[in-house]
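S.K.: Have a look at the structure that comes next, please.
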Amino acid sequence: MDLALIARDGVFAAAKARAFGIDSSSLRRAVAAGQAFPLCRGWYSTRAPTTPRDHHLLRTTALLQEYGGHVVASHGSAVIRLGLPDVALDLGTVQLMWRGDKPDFRSYSRVHVHEEVANPRLTAWVTTVHPALAVVQVGLRDVRSMLVAGDAALRLRMVDAGQLTAAVDALRGQRGLTRARAAAGWFDARHQSPGETLTAFVLRGLGYSFTPQFEPGTQGKNGGPEQTDFVIDGTRVLVEFDGRSKYSAASEDDAQRLLFAEKRREDRIRDLGYEMVRVTWAEVHQPERVRAKVEKALTRWRSRAV
């Protein structure tokens, strides 16, 4: 039998397979043949997980079906199920939250079922807690996770500032909330990528005041104003996050054209008296390297401004 016929959302339970005449030996053969992939006790997927995030999503999907309508995904599991970007999440543990009465249930390893958080402004979605609640929940463990997911949720209009504030209030008393509450004022939909959010986090931690999406007065190829990721306030020092993903995803010829266009853009900006600092993925985890780059740029700018 084609296992996809008994699967729902790409997962199926061994109990359902048995009901269709697929016994344990047949399942083991399907696993050995690469036709089924174990997720957690008694649950399988019909395709191989492609990444740790994908594996987590499949496990979450299976457990939502196991617990029926009594739970929704929460914390990082909700962030992933909502399609929001993840940074520093624990992908090994599925996070769920009770919804209404608790039934008799069997527990699983690496699964945490939380008590329900009730708030009239944060009504749960069909399979997840409200996105604002999920965003703040991941901030209880790491505020970087919260800011990356929250900026994306704001940009996609999944949440608004009032809902994020309500989520902070709803989690009052939980461990880690003091840090999350302090960082909640840093959400900014102007950050266009997780890398920009993390760059802002580092710049703020280093004590710099900055403005996102700054227009230095140059025009792009379409005639509109060009934007840079950040300007250090009161200076002509610009900071850009350089993820290089647009170059690596392109063909070799396209990548060369993109690099050349970026070099011309940077030359136009520098001709107006600006200094440019580029921050890489590695450097957002090494703040002192970012500080050294920014300070050198500030020194160059000041020497020219005298």
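FYI, nothing fancy with the structure tokens labels: chains A, B, ... in order, residues from 1 per chain, ligands from 1 as they appear.
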As a short mmCIF file (atom, residue, chain, number, x, y, z; two decimals) with N, CA, C and O atoms, in the first residue's frame, please: the residues near A:Gly42 (cut-off 12 Å, only C-alpha atoms, same-chain neighbours under 3 positions excluded).
M.R.:
```
data_model
loop_
_atom_site.label_atom_id
_atom_site.label_comp_id
_atom_site.auth_asym_id
_atom_site.auth_seq_id
_atom_site.Cartn_x
_atom_site.Cartn_y
_atom_site.Cartn_z
N VAL A 11 2.20 12.86 7.62
CA VAL A 11 2.54 11.99 8.75
C VAL A 11 1.41 10.99 8.98
O VAL A 11 0.26 11.22 8.60
N PHE A 12 1.76 9.87 9.61
CA PHE A 12 0.74 8.87 9.93
C PHE A 12 1.16 8.12 11.18
O PHE A 12 2.34 8.03 11.53
N ALA A 13 0.17 7.55 11.88
CA ALA A 13 0.41 6.78 13.09
C ALA A 13 0.51 5.31 12.76
O ALA A 13 -0.16 4.80 11.86
N ALA A 14 1.36 4.60 13.51
CA ALA A 14 1.47 3.16 13.32
C ALA A 14 0.13 2.48 13.55
O ALA A 14 -0.20 1.49 12.88
N ALA A 15 -0.67 3.00 14.50
CA ALA A 15 -1.98 2.42 14.77
C ALA A 15 -2.88 2.49 13.55
O ALA A 15 -3.63 1.55 13.25
N LYS A 16 -2.81 3.61 12.82
CA LYS A 16 -3.62 3.73 11.62
C LYS A 16 -3.11 2.77 10.55
O LYS A 16 -3.90 2.17 9.79
N ALA A 17 -1.79 2.61 10.45
CA ALA A 17 -1.24 1.68 9.48
C ALA A 17 -1.72 0.25 9.77
O ALA A 17 -2.08 -0.49 8.85
N ARG A 18 -1.75 -0.12 11.05
CA ARG A 18 -2.22 -1.46 11.40
C ARG A 18 -3.67 -1.66 10.99
O ARG A 18 -4.06 -2.75 10.56
N SER A 24 3.85 -4.31 12.07
CA SER A 24 5.13 -3.74 12.49
C SER A 24 6.27 -4.17 11.57
O SER A 24 7.17 -3.38 11.26
N LEU A 27 6.14 -2.14 8.46
CA LEU A 27 6.61 -0.78 8.71
C LEU A 27 8.13 -0.73 8.77
O LEU A 27 8.75 0.19 8.24
N ARG A 28 8.72 -1.73 9.43
CA ARG A 28 10.19 -1.75 9.52
C ARG A 28 10.80 -1.88 8.12
O ARG A 28 11.82 -1.24 7.83
N ALA A 36 9.31 5.26 4.70
CA ALA A 36 8.74 5.84 5.92
C ALA A 36 9.89 6.26 6.82
O ALA A 36 10.97 5.64 6.79
N PHE A 37 9.66 7.29 7.63
CA PHE A 37 10.73 7.86 8.44
C PHE A 37 10.22 8.09 9.86
O PHE A 37 9.25 8.84 10.06
N PRO A 38 10.81 7.44 10.87
CA PRO A 38 10.33 7.59 12.24
C PRO A 38 10.46 9.03 12.74
O PRO A 38 11.48 9.69 12.49
N LEU A 39 9.44 9.50 13.43
CA LEU A 39 9.44 10.85 14.00
C LEU A 39 9.49 10.80 15.52
O LEU A 39 10.30 11.45 16.16
N SER A 45 6.74 9.77 9.07
CA SER A 45 6.46 10.66 7.95
C SER A 45 6.67 9.88 6.66
O SER A 45 7.36 8.86 6.64
N ARG A 59 7.54 16.51 13.35
CA ARG A 59 7.23 15.98 14.69
C ARG A 59 6.08 16.75 15.32
O ARG A 59 5.17 16.16 15.94
N ALA A 62 2.82 15.65 13.77
CA ALA A 62 2.40 14.34 14.29
C ALA A 62 1.79 14.46 15.68
O ALA A 62 0.74 13.87 15.98
N LEU A 63 2.42 15.24 16.54
CA LEU A 63 1.95 15.34 17.93
C LEU A 63 0.64 16.13 18.03
O LEU A 63 -0.19 15.86 18.89
N GLN A 65 -1.68 15.86 15.88
CA GLN A 65 -2.68 14.85 15.55
C GLN A 65 -2.85 13.86 16.70
O GLN A 65 -3.97 13.42 17.00
N GLU A 66 -1.76 13.49 17.35
CA GLU A 66 -1.84 12.56 18.48
C GLU A 66 -2.71 13.09 19.60
O GLU A 66 -3.54 12.38 20.16
N ARG A 106 -0.65 10.30 26.76
CA ARG A 106 0.64 9.68 27.00
C ARG A 106 1.73 10.70 26.71
O ARG A 106 1.62 11.49 25.78
N TYR A 108 5.63 12.03 25.88
CA TYR A 108 6.72 11.70 24.97
C TYR A 108 8.00 12.36 25.47
O TYR A 108 7.96 13.42 26.12
#
```
S.K.: Could you pull out the strand (DSSP E or B) residues of stretch 19-50 of chain A from DSSP and send them as number ranges by chain?
M.R.: A: 37-40, 43-45
S.K.: Write the selection just made, keeping N, CA and C atoms, as an mmCIF file, in the first residue's frame?
M.R.:
```cif
data_model
loop_
_atom_site.group_PDB
_atom_site.id
_atom_site.type_symbol
_atom_site.label_atom_id
_atom_site.label_comp_id
_atom_site.auth_asym_id
_atom_site.auth_seq_id
_atom_site.Cartn_x
_atom_site.Cartn_y
_atom_site.Cartn_z
ATOM 1 N N PHE A 37 9.661 7.286 7.634
ATOM 2 C CA PHE A 37 10.732 7.855 8.440
ATOM 3 C C PHE A 37 10.219 8.093 9.860
ATOM 4 N N PRO A 38 10.811 7.443 10.866
ATOM 5 C CA PRO A 38 10.334 7.587 12.238
ATOM 6 C C PRO A 38 10.464 9.028 12.735
ATOM 7 N N LEU A 39 9.441 9.499 13.433
ATOM 8 C CA LEU A 39 9.436 10.848 14.002
ATOM 9 C C LEU A 39 9.485 10.797 15.520
ATOM 10 N N CYS A 40 8.562 10.077 16.119
ATOM 11 C CA CYS A 40 8.506 9.871 17.551
ATOM 12 C C CYS A 40 7.726 8.570 17.773
ATOM 13 N N TRP A 43 4.867 7.214 15.393
ATOM 14 C CA TRP A 43 4.543 8.160 14.322
ATOM 15 C C TRP A 43 5.655 8.182 13.284
ATOM 16 N N TYR A 44 5.233 8.326 12.025
ATOM 17 C CA TYR A 44 6.153 8.294 10.894
ATOM 18 C C TYR A 44 5.771 9.395 9.899
ATOM 19 N N SER A 45 6.742 9.767 9.070
ATOM 20 C CA SER A 45 6.460 10.655 7.948
ATOM 21 C C SER A 45 6.671 9.882 6.658
#
```
S.K.: With only C-alpha atoms as the counted atoms, please give the residues lying no more than 12 Å from A:Gly162, apart from itself and same-chain residues fewer than 6 positions off, as a ChimeraX atom specification.
M.R.: /A:121-122,132-133,154,168-169,184-185,187
S.K.: Here is a test: counting only C-alpha atoms, which residue of A:Pro103, A:Ala124, A:Thr46, A:Leu84 is nearest to A:Arg157?
M.R.: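 Among A:Pro103, A:Ala124, A:Thr46, A:Leu84, it is A:Leu84 that comes nearest to A:Arg157.
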S.K.: If we count only C-alpha atoms, what is near A:Ser209 at a cut-off of 7 Å, once residues fewer than 5 positions away on the same chain are taken out, given as a PyMOL selection string?
M.R.: chain A and resi 204+232-233
S.K.: Write out as a list in words which residues come within 9 Å of A:Arg304 when counting only C-alpha atoms, dropping same-chain ones fewer than 4 positions away.
M.R.: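 Once the nearby chain positions are removed, what remains is Gly273, Thr299 and Arg300 of chain A.
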S.K.: How would you write, as number ranges by chain, the set of residues in stretch 101-222 of chain A that DSSP gives as helix (DSSP H, G or I)?
M.R.: A: 131-139, 143-155, 161-170, 177-186, 194-205
S.K.: Go through A:Ser107, A:Leu89, A:Glu266, A:Ala30 and flag the residue nearest A:Tyr67, using only C-alpha atoms for the distances.
M.R.: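 Using only C-alpha atoms, the shortest distance to A:Tyr67 belongs to A:Ser107.
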S.K.: So which residues touch stretch 287-295 of chain A within 12 Å, counting only C-alpha atoms, skipping near sequence neighbours fewer than 2 positions away, as a PyMOL selection string?
M.R.: chain A and resi 198-208+210+230-232+235-241+275-285+297-302
S.K.: If we count only C-alpha atoms, what is near stretch 109-116 of chain A at a cut-off of 12 Å, once residues fewer than 5 positions away on the same chain are taken out, given as a PyMOL selection string?
M.R.: chain A and resi 39-41+56+59-60+62-64+67+70-77+90-102+122-124+128-130+133+137+170-171+174
S.K.: Filtering to N, CA and C atoms, could you give me those residues as a short mmCIF file (atom, residue, chain, number, x, y, z; two decimals), in the first residue's frame?
M.R.:
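Saved file result-v3.cif follows:
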```cif
data_model
loop_
_atom_site.label_atom_id
_atom_site.label_comp_id
_atom_site.auth_asym_id
_atom_site.auth_seq_id
_atom_site.Cartn_x
_atom_site.Cartn_y
_atom_site.Cartn_z
N LEU A 39 9.44 9.50 13.43
CA LEU A 39 9.44 10.85 14.00
C LEU A 39 9.49 10.80 15.52
N CYS A 40 8.56 10.08 16.12
CA CYS A 40 8.51 9.87 17.55
C CYS A 40 7.73 8.57 17.77
N ARG A 41 7.58 8.16 19.01
CA ARG A 41 7.00 6.85 19.27
C ARG A 41 5.63 6.67 18.59
N HIS A 56 11.62 19.04 12.91
CA HIS A 56 10.83 19.56 14.04
C HIS A 56 9.38 19.81 13.60
N ARG A 59 7.54 16.51 13.35
CA ARG A 59 7.23 15.98 14.69
C ARG A 59 6.08 16.75 15.32
N THR A 60 6.09 18.06 15.17
CA THR A 60 5.00 18.88 15.71
C THR A 60 3.67 18.50 15.07
N ALA A 62 2.82 15.65 13.77
CA ALA A 62 2.40 14.34 14.29
C ALA A 62 1.79 14.46 15.68
N LEU A 63 2.42 15.24 16.54
CA LEU A 63 1.95 15.34 17.93
C LEU A 63 0.64 16.13 18.03
N LEU A 64 0.45 17.09 17.15
CA LEU A 64 -0.84 17.78 17.11
C LEU A 64 -1.96 16.80 16.77
N TYR A 67 -2.55 14.36 19.92
CA TYR A 67 -3.29 14.97 21.02
C TYR A 67 -4.65 15.53 20.57
N HIS A 70 -6.82 19.05 21.56
CA HIS A 70 -6.61 19.46 22.95
C HIS A 70 -5.36 20.32 23.13
N VAL A 71 -4.51 20.41 22.11
CA VAL A 71 -3.29 21.20 22.21
C VAL A 71 -3.11 22.04 20.95
N VAL A 72 -2.31 23.06 21.07
CA VAL A 72 -1.81 23.83 19.93
C VAL A 72 -0.31 23.94 20.08
N ALA A 73 0.38 24.18 18.99
CA ALA A 73 1.82 24.41 19.05
C ALA A 73 2.09 25.73 19.75
N SER A 74 3.16 25.77 20.53
CA SER A 74 3.52 27.00 21.24
C SER A 74 5.03 27.22 21.14
N HIS A 75 5.49 28.33 21.71
CA HIS A 75 6.91 28.64 21.75
C HIS A 75 7.55 28.47 20.36
N GLY A 76 8.73 27.82 20.32
CA GLY A 76 9.43 27.68 19.05
C GLY A 76 8.70 26.82 18.04
N SER A 77 7.92 25.84 18.52
CA SER A 77 7.17 24.99 17.60
C SER A 77 6.13 25.80 16.85
N ASP A 90 15.53 25.80 20.25
CA ASP A 90 15.78 24.41 20.58
C ASP A 90 14.91 23.56 19.65
N LEU A 91 15.51 23.04 18.58
CA LEU A 91 14.75 22.27 17.61
C LEU A 91 14.56 20.82 18.04
N GLY A 92 15.16 20.44 19.15
CA GLY A 92 15.01 19.07 19.62
C GLY A 92 13.77 18.82 20.45
N THR A 93 13.15 19.88 20.97
CA THR A 93 12.00 19.73 21.85
C THR A 93 10.77 20.36 21.23
N VAL A 94 9.70 19.59 21.09
CA VAL A 94 8.43 20.11 20.60
C VAL A 94 7.69 20.76 21.77
N GLN A 95 7.22 21.98 21.54
CA GLN A 95 6.51 22.74 22.58
C GLN A 95 5.04 22.84 22.20
N LEU A 96 4.17 22.42 23.12
CA LEU A 96 2.73 22.47 22.92
C LEU A 96 2.09 23.17 24.09
N MET A 97 0.83 23.58 23.91
CA MET A 97 0.08 24.20 25.01
C MET A 97 -1.32 23.61 25.03
N TRP A 98 -1.79 23.34 26.25
CA TRP A 98 -3.15 22.82 26.39
C TRP A 98 -4.16 23.83 25.87
N ARG A 99 -5.23 23.30 25.33
CA ARG A 99 -6.33 24.13 24.85
C ARG A 99 -7.62 23.56 25.42
N GLY A 100 -8.12 24.20 26.45
CA GLY A 100 -9.33 23.69 27.09
C GLY A 100 -9.00 22.57 28.06
N ASP A 101 -9.93 21.64 28.23
CA ASP A 101 -9.77 20.56 29.20
C ASP A 101 -8.63 19.63 28.79
N LYS A 102 -7.93 19.09 29.82
CA LYS A 102 -6.86 18.14 29.57
C LYS A 102 -7.44 16.73 29.50
N LEU A 122 -5.43 37.49 22.59
CA LEU A 122 -4.47 36.56 21.99
C LEU A 122 -5.13 35.22 21.73
N THR A 123 -6.23 35.23 21.03
CA THR A 123 -6.94 33.99 20.72
C THR A 123 -6.06 33.06 19.89
N ALA A 124 -6.04 31.79 20.30
CA ALA A 124 -5.21 30.82 19.58
C ALA A 124 -5.69 30.66 18.15
N THR A 128 -1.88 26.72 16.36
CA THR A 128 -0.82 27.37 17.14
C THR A 128 -1.43 28.37 18.10
N VAL A 129 -0.64 28.72 19.10
CA VAL A 129 -1.00 29.87 19.92
C VAL A 129 -0.98 31.11 19.02
N HIS A 130 -1.51 32.21 19.53
CA HIS A 130 -1.46 33.45 18.76
C HIS A 130 0.00 33.78 18.43
N LEU A 133 1.99 35.67 21.03
CA LEU A 133 2.34 34.89 22.21
C LEU A 133 3.54 34.00 21.91
N GLN A 137 7.09 34.03 23.85
CA GLN A 137 7.48 32.78 24.52
C GLN A 137 8.91 32.38 24.20
N ALA A 170 0.69 38.79 29.39
CA ALA A 170 0.07 37.48 29.63
C ALA A 170 1.04 36.48 30.23
N LEU A 171 2.34 36.69 30.03
CA LEU A 171 3.35 35.75 30.53
C LEU A 171 3.97 36.23 31.83
N GLN A 174 6.62 34.38 34.52
CA GLN A 174 7.39 33.27 33.96
C GLN A 174 8.88 33.61 33.93
#
```
S.K.: Go ahead and compute the interatomic distance for atom CA of A:Asp229 and atom CA of A:Pro212, in Å to one decimal.
M.R.: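 According to the coordinates, atom CA of A:Asp229 and atom CA of A:Pro212 are separated by 5.4 Å.
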S.K.: Taking only C-alpha atoms into account, which of A:Gln163, A:Gln213, A:Ser145, A:Thr197 comes nearest A:Ala180?
M.R.: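 For A:Ala180, the nearest of the candidates is A:Ser145.
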S.K.: So, counting only C-alpha atoms, which residue among A:Gln256, A:Thr50, A:Thr228, A:Thr178 is closest to A:Glu196?
M.R.: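 Of A:Gln256, A:Thr50, A:Thr228, A:Thr178, the one nearest A:Glu196 is A:Thr228, counting only C-alpha atoms.
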S.K.: Just how far from atom CA of A:Pro49 is atom CA of A:Ala32, in Å to one decimal?
M.R.: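 Between these atoms lies a distance of 15.3 Å.
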S.K.: So how many Å separate atom CA of A:Arg141 and atom CA of A:Asp86, to one decimal?
M.R.: 12.9 Å
S.K.: Nearest to A:Thr165: which of A:Pro194, A:Val135, A:Ser26, A:Pro85 is it, counting only C-alpha atoms?
M.R.: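 Residue with the minimum atom-to-atom distance to A:Thr165: A:Val135.
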S.K.: Let me make sure I understand: among A:Arg190, A:Pro216, A:Gly34, A:Gly234, which one has the smallest atom-to-atom distance to A:Asp271 if we use only C-alpha atoms?
M.R.: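 Of all the options, A:Pro216 lies closest to A:Asp271.
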